[in-house]
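J.: Quick one, query14.txt (compact mmCIF, C-alpha atoms and all ligand atoms):
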# COMPACT_ATOMS: atom_id res chain seq x y z
CA MET V 1 142.31 -43.36 -48.59
CA LEU V 2 140.36 -44.63 -45.68
CA MET V 3 142.48 -46.47 -43.17
CA LYS V 4 140.98 -49.43 -41.40
CA SER V 5 141.80 -47.97 -38.02
CA GLN V 6 139.53 -45.05 -38.73
CA ILE V 7 136.49 -47.27 -38.59
CA THR V 8 136.16 -47.37 -34.87
CA MET V 9 133.03 -47.87 -32.84
CA ASN V 10 132.41 -45.89 -29.76
CA PRO V 11 131.71 -47.96 -26.64
CA SER V 12 128.03 -47.08 -26.47
CA ASP V 13 127.48 -48.54 -29.94
CA VAL V 14 129.10 -51.78 -28.86
CA ASP V 15 126.88 -51.72 -25.78
CA GLU V 16 123.71 -51.28 -27.78
CA GLY V 17 122.86 -54.90 -28.47
CA THR V 18 123.90 -56.31 -25.11
CA PRO V 19 120.91 -57.47 -23.06
CA VAL V 20 120.70 -55.64 -19.76
CA SER V 21 120.71 -58.97 -17.87
CA VAL V 22 124.16 -59.67 -19.34
CA LYS V 23 125.46 -56.31 -18.15
CA ILE V 24 124.15 -56.92 -14.64
CA ARG V 25 125.57 -60.44 -14.63
CA GLU V 26 128.99 -59.13 -15.70
CA ARG V 27 129.03 -56.70 -12.77
CA LEU V 28 128.13 -59.50 -10.37
CA LEU V 29 130.86 -61.73 -11.76
CA ALA V 30 133.43 -58.92 -11.59
CA ALA V 31 132.53 -58.35 -7.93
CA ARG V 32 132.49 -62.13 -7.29
CA LYS V 33 129.00 -61.81 -5.88
CA ARG V 34 126.71 -64.81 -5.74
CA PHE V 35 123.45 -64.43 -7.65
CA HIS V 36 121.41 -67.46 -6.77
CA ALA V 37 117.62 -67.28 -6.97
CA ASN V 38 117.33 -66.17 -3.35
CA ASP V 39 120.10 -63.56 -3.44
CA ASN V 40 119.44 -59.83 -3.59
CA ILE V 41 121.21 -58.11 -6.49
CA ALA V 42 119.89 -54.56 -6.08
CA ASP V 43 123.38 -53.06 -5.71
CA PHE V 44 124.27 -54.17 -9.23
CA ILE V 45 121.30 -52.66 -11.02
CA GLU V 46 121.66 -49.12 -12.32
CA PRO V 47 118.85 -46.56 -12.48
CA GLY V 48 116.56 -47.24 -15.41
CA GLU V 49 117.70 -50.81 -15.87
CA MET V 50 114.64 -52.37 -14.21
CA GLU V 51 112.52 -51.02 -17.07
CA GLN V 52 114.92 -52.55 -19.59
CA LEU V 53 114.87 -55.81 -17.66
CA LEU V 54 111.08 -55.75 -17.83
CA ASP V 55 111.21 -55.48 -21.62
CA GLU V 56 113.80 -58.25 -21.81
CA VAL V 57 111.83 -60.67 -19.61
CA GLU V 58 108.64 -59.87 -21.55
CA ASP V 59 110.42 -60.74 -24.76
CA LYS V 60 111.71 -64.04 -23.38
CA MET V 61 108.27 -64.88 -21.95
CA LYS V 62 106.80 -64.36 -25.42
CA GLY V 63 109.25 -67.01 -26.58
CA VAL V 64 108.09 -69.40 -23.82
CA LEU V 65 104.43 -68.90 -24.76
CA SER V 66 105.26 -69.43 -28.39
CA SER V 67 107.13 -72.64 -27.56
CA LEU V 68 104.09 -73.76 -25.57
CA VAL V 69 102.24 -73.38 -28.92
CA ILE V 70 99.85 -70.75 -27.61
CA ASP V 71 98.47 -68.43 -30.26
CA THR V 72 98.96 -65.17 -28.38
CA GLU V 73 98.17 -63.19 -31.52
CA HIS V 74 94.57 -64.39 -31.72
CA ASP V 75 93.91 -65.41 -28.12
CA HIS V 76 93.01 -62.15 -26.43
CA ASN V 77 93.41 -63.78 -23.02
CA THR V 78 97.10 -64.29 -23.57
CA ASP V 79 98.15 -61.41 -25.79
CA LYS V 80 99.46 -59.41 -22.83
CA THR V 81 100.45 -62.37 -20.67
CA ALA V 82 104.17 -62.06 -21.38
CA ARG V 83 104.19 -58.49 -20.09
CA ARG V 84 102.01 -59.37 -17.09
CA VAL V 85 104.24 -62.26 -16.08
CA ALA V 86 107.41 -60.18 -16.50
CA LYS V 87 105.89 -57.49 -14.28
CA MET V 88 104.70 -60.02 -11.72
CA TYR V 89 108.16 -61.57 -11.42
CA LEU V 90 110.22 -58.39 -11.37
CA LYS V 91 107.94 -55.99 -9.51
CA GLU V 92 105.85 -58.26 -7.33
CA VAL V 93 106.64 -61.84 -6.40
CA PHE V 94 110.43 -61.70 -6.89
CA ASN V 95 110.83 -58.03 -6.08
CA GLY V 96 112.94 -58.93 -3.04
CA ARG V 97 115.79 -59.78 -5.43
CA TYR V 98 115.81 -56.41 -7.17
CA VAL V 99 115.17 -53.78 -4.51
CA SER V 100 117.36 -52.78 -1.58
CA ALA V 101 116.47 -53.80 1.95
CA PRO V 102 113.61 -51.79 3.47
CA THR V 103 114.90 -48.94 5.59
CA ILE V 104 114.33 -49.82 9.19
CA THR V 105 115.05 -47.43 11.99
CA GLU V 106 116.54 -49.16 14.98
CA PHE V 107 116.16 -47.60 18.39
CA PRO V 108 118.20 -48.29 21.49
CA ASN V 109 116.38 -50.42 24.04
CA ALA V 110 115.64 -47.51 26.36
CA GLU V 111 113.20 -49.48 28.51
CA HIS V 112 115.75 -52.28 28.93
CA LEU V 113 113.18 -54.82 27.85
CA ASN V 114 114.40 -58.32 28.50
CA GLU V 115 111.26 -60.43 28.27
CA LEU V 116 110.38 -62.81 25.50
CA MET V 117 108.57 -61.03 22.70
CA ILE V 118 106.67 -62.86 19.99
CA VAL V 119 105.64 -61.38 16.65
CA GLY V 120 103.21 -63.24 14.45
CA PRO V 121 101.61 -64.71 12.62
CA ILE V 122 103.10 -62.82 9.70
CA THR V 123 101.76 -64.01 6.37
CA VAL V 124 104.55 -64.94 4.01
CA ARG V 125 104.35 -65.30 0.26
CA SER V 126 107.17 -66.79 -1.68
CA ALA V 127 107.81 -69.27 -4.48
CA CYS V 128 109.90 -72.40 -4.60
CA SER V 129 113.05 -72.08 -6.65
CA HIS V 130 112.52 -75.57 -8.07
CA HIS V 131 109.24 -74.93 -9.89
CA LEU V 132 108.51 -71.24 -9.24
CA CYS V 133 105.25 -72.36 -7.61
CA PRO V 134 103.84 -70.30 -4.74
CA ILE V 135 104.74 -70.97 -1.11
CA ILE V 136 102.21 -69.38 1.20
CA GLY V 137 102.26 -69.57 4.93
CA GLN V 138 102.93 -67.90 8.23
CA ILE V 139 105.86 -67.18 10.46
CA TRP V 140 106.25 -66.45 14.13
CA ILE V 141 109.30 -64.66 15.42
CA GLY V 142 110.49 -64.85 19.01
CA VAL V 143 112.99 -62.32 20.27
CA LEU V 144 114.73 -62.25 23.62
CA PRO V 145 116.23 -58.78 23.85
CA ASN V 146 118.98 -57.58 26.15
CA GLU V 147 119.76 -54.01 27.15
CA HIS V 148 121.95 -53.53 24.04
CA THR V 149 119.42 -54.96 21.61
CA ASN V 150 118.07 -52.54 19.06
CA VAL V 151 114.33 -52.21 19.02
CA ILE V 152 112.42 -52.13 15.75
CA GLY V 153 108.71 -51.54 15.25
CA LEU V 154 106.47 -54.60 15.02
CA SER V 155 105.48 -53.92 11.43
CA LYS V 156 109.15 -53.84 10.47
CA TYR V 157 109.48 -57.58 11.06
CA ALA V 158 106.82 -58.08 8.41
CA ARG V 159 108.65 -55.80 5.99
CA LEU V 160 111.92 -57.66 6.46
CA ALA V 161 110.11 -60.97 5.99
CA GLU V 162 108.44 -59.72 2.82
CA TRP V 163 111.81 -58.66 1.40
CA VAL V 164 113.46 -62.03 2.07
CA MET V 165 110.45 -64.08 0.93
CA GLY V 166 110.00 -62.07 -2.26
CA ARG V 167 112.52 -64.26 -4.07
CA PRO V 168 112.45 -67.81 -5.35
CA GLN V 169 113.26 -69.64 -2.15
CA ILE V 170 113.77 -72.95 -0.43
CA GLN V 171 111.93 -72.78 2.88
CA GLU V 172 114.91 -74.01 4.93
CA GLU V 173 117.14 -71.31 3.44
CA ALA V 174 114.48 -68.60 3.65
CA VAL V 175 114.13 -68.89 7.44
CA VAL V 176 117.91 -68.81 7.86
CA GLN V 177 118.20 -65.69 5.67
CA LEU V 178 115.48 -63.99 7.68
CA ALA V 179 117.09 -64.99 10.99
CA ASP V 180 120.47 -63.63 9.84
CA LEU V 181 118.88 -60.34 8.83
CA ILE V 182 116.95 -59.84 12.09
CA GLN V 183 119.98 -60.92 14.11
CA GLN V 184 122.15 -58.38 12.32
CA LYS V 185 119.62 -55.54 12.69
CA THR V 186 118.66 -56.07 16.32
CA GLN V 187 121.42 -58.14 18.02
CA PRO V 188 119.14 -59.93 20.50
CA ASP V 189 120.29 -62.53 23.04
CA GLY V 190 117.99 -65.03 21.44
CA LEU V 191 116.06 -65.33 18.22
CA ALA V 192 113.59 -67.98 17.12
CA ILE V 193 111.65 -68.27 13.90
CA VAL V 194 109.02 -70.84 13.00
CA MET V 195 107.62 -70.96 9.50
CA GLU V 196 104.69 -73.08 8.42
CA ALA V 197 103.77 -73.03 4.74
CA SER V 198 101.90 -74.75 1.97
CA HIS V 199 103.94 -75.51 -1.09
CA PHE V 200 101.82 -75.27 -4.20
CA CYS V 201 104.24 -77.47 -6.08
CA MET V 202 102.88 -80.27 -3.88
CA GLY V 203 99.21 -79.42 -4.43
CA TRP V 204 99.17 -78.32 -8.05
CA ARG V 205 101.57 -80.88 -9.48
CA GLY V 206 103.66 -83.80 -8.26
CA VAL V 207 101.86 -85.77 -5.55
CA LYS V 208 98.88 -83.35 -5.67
CA ASP V 209 98.65 -83.41 -1.91
CA MET V 210 96.68 -80.32 -0.92
CA ASP V 211 97.05 -80.64 2.82
CA SER V 212 100.72 -81.15 3.46
CA LYS V 213 102.58 -78.30 5.05
CA MET V 214 106.19 -77.79 5.80
CA ILE V 215 107.28 -76.49 9.17
CA ASN V 216 110.75 -75.13 9.81
CA SER V 217 112.38 -73.51 12.74
CA VAL V 218 115.57 -71.66 13.46
CA MET V 219 116.76 -71.14 17.02
CA ARG V 220 119.62 -68.84 17.89
CA GLY V 221 121.43 -67.82 21.06
CA SER V 222 119.44 -68.30 24.26
CA PHE V 223 116.72 -70.25 22.43
CA LEU V 224 119.36 -72.87 21.69
CA LYS V 225 120.85 -72.92 25.16
CA ASP V 226 117.69 -72.67 27.24
CA PRO V 227 115.08 -75.43 26.76
CA ASN V 228 112.62 -73.57 29.00
CA LEU V 229 112.71 -70.48 26.83
CA ARG V 230 112.30 -72.63 23.75
CA ARG V 231 109.30 -74.38 25.32
CA GLU V 232 107.78 -71.08 26.36
CA PHE V 233 108.05 -69.75 22.81
CA LEU V 234 106.62 -72.89 21.23
CA SER V 235 103.78 -73.03 23.74
CA LEU V 236 102.79 -69.43 23.00
CA ILE V 237 102.52 -69.78 19.25
CA PRO V 238 99.27 -71.39 18.09
CA LYS V 239 99.27 -75.18 17.96
CA LYS V 240 99.98 -76.68 14.58
CA GLU V 241 97.46 -79.20 13.41
CA GLY V 242 98.61 -82.79 13.23
ZN ZN M 301 108.69 -76.83 -6.01
If you convert what's in this file into structure tokens, what do you get?

T.:
Amino acid sequence: MLMKSQITMNPSDVDEGTPVSVKIRERLLAARKRFHANDNIADFIEPGEMEQLLDEVEDKMKGVLSSLVIDTEHDHNTDKTARRVAKMYLKEVFNGRYVSAPTITEFPNAEHLNELMIVGPITVRSACSHHLCPIIGQIWIGVLPNEHTNVIGLSKYARLAEWVMGRPQIQEEAVVQLADLIQQKTQPDGLAIVMEASHFCMGWRGVKDMDSKMINSVMRGSFLKDPNLRREFLSLIPKKEG
């Protein structure tokens, strides 16, 4: 006679139907880690899971297209759109959520540089977390090093910016995230960031204003305390129109 207890499932069978996004979410919840649109969750994704996530997002995108009443079966322009959009989100425009921080080698400040250094303009590409519409603009970074400040190569600022901006963002939060990251990597006396960007959710929808730009700045350390330094930085970055 077959006892009920003999019909057991092994854990991998139970796991089979669980979407990979649910597994990742469970790990985040267990670790009490925030997973807002502009958070990086790379540490919670296991090898091979990005490919599964790609399939899952593709599947859900097919559902969105179908609900938009688009005949993807007969419209050759859209038959691969679900896959393309899934790839664009996961591997391109929101990649900064799913990959670890770029490896940046920091060097000691051997030359004891202590003069204002400005990096920019760095082109930034992001998307607003309200509408997932593009945000495209430029940033300028001002650094006032001290003898203990770590030095990183100029191109590394762009790589850090790309990583932070490659997530659905709110401009005000994006500049703060970038400032925190640069502060933590280089420990300067002062750090200033100005970001100027066009928000496509203003031009493409809503008020349909093509010209409006948003400008944000973050000032840290000596840039906060010293108005002359702040003025020097702002006078050296190109004048904003208007
Ligand atoms: Zn928006």

J.: At a cut-off of 12 Å, using all atoms listed in the file, what residues contact V:Pro47? Leave out same-chain residues fewer than 4 positions from it and give the result as a count of residues only.

T.: 9

J.: Mind running stretch 35-116 of chain V against stretch 176-186 of chain V at 12 Å and telling me each contacting residue's nearest atom pair with the distance in Å (one decimal), counting only C-alpha atoms, chain and number ascending, as a Markdown table?

T.:
| residue | atom | partner | partner_atom | distance |
| --- | --- | --- | --- | --- |
| V:Asn38 | CA | V:Gln177 | CA | 9.1 |
| V:Asp39 | CA | V:Gln177 | CA | 9.5 |
| V:Asn40 | CA | V:Gln177 | CA | 11.0 |
| V:Ala101 | CA | V:Leu181 | CA | 9.8 |
| V:Pro102 | CA | V:Leu181 | CA | 11.4 |
| V:Thr103 | CA | V:Lys185 | CA | 10.8 |
| V:Ile104 | CA | V:Lys185 | CA | 8.5 |
| V:Thr105 | CA | V:Lys185 | CA | 9.3 |
| V:Glu106 | CA | V:Thr186 | CA | 7.4 |
| V:Phe107 | CA | V:Thr186 | CA | 9.1 |
| V:Pro108 | CA | V:Thr186 | CA | 9.4 |
| V:Asn109 | CA | V:Thr186 | CA | 9.8 |

J.: Pick out the closest residue to ligand ZN 301 (chain M) from this set: V:Val143, V:Leu132, V:Ala82, V:Val175. Count all atoms listed in the file.

T.: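 Counting all atoms listed in the file, the residue closest to ligand ZN 301 (chain M) is V:Leu132.
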
J.: To check your reading of the model: which residues sit at most 7 Å from ligand ZN 301 (chain M) when counting all atoms listed in the file? Write the answer as a PyMOL selection string.

T.: chain V and resi 128-133+199+201

J.: Nearest to V:Ala158 among V:Ile122, V:Met117, V:Met61, V:Ile193, with distances taken over all atoms listed in the file: which residue is it?

T.: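 Checking each candidate against V:Ala158, we get V:Ile122 as the closest.
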
J.: Near stretch 136-139 of chain V, counting only C-alpha atoms, which residues have an atom at most 10 Å away, once you skip same-chain residues fewer than 6 positions from it, shown as a ChimeraX atom specification?

T.: /V:119-127,158,161,165,175,193-200,213-217,237

J.: Choose the residue, out of V:Met50, V:Ile152, V:Leu29, V:Val164, that has the smallest atom-to-atom separation from V:Lys91; count all atoms listed in the file.

T.: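 Under the stated criterion, the closest residue is V:Met50.
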
J.: Taking all atoms listed in the file into account, name the residue in V:Gly142, V:Ile135, V:Trp163, V:Phe94 that is nearest to V:Ser235.

T.: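 Looking at the shortest contact to V:Ser235, the residue is V:Gly142.
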
J.: Kindly extract all protein, DNA and RNA residues lying within 9 Å of the coordinates (109.8, -60.3, -20.3) given in the file, considering all atoms listed in the file, and supply them as number ranges by chain.

T.: V: 53-62, 82-87

J.: When you draw a straight line from atom CA of V:Ser222 to atom CA of V:Gly190, how long is it in Å?

T.: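 The value is 4.6 Å.
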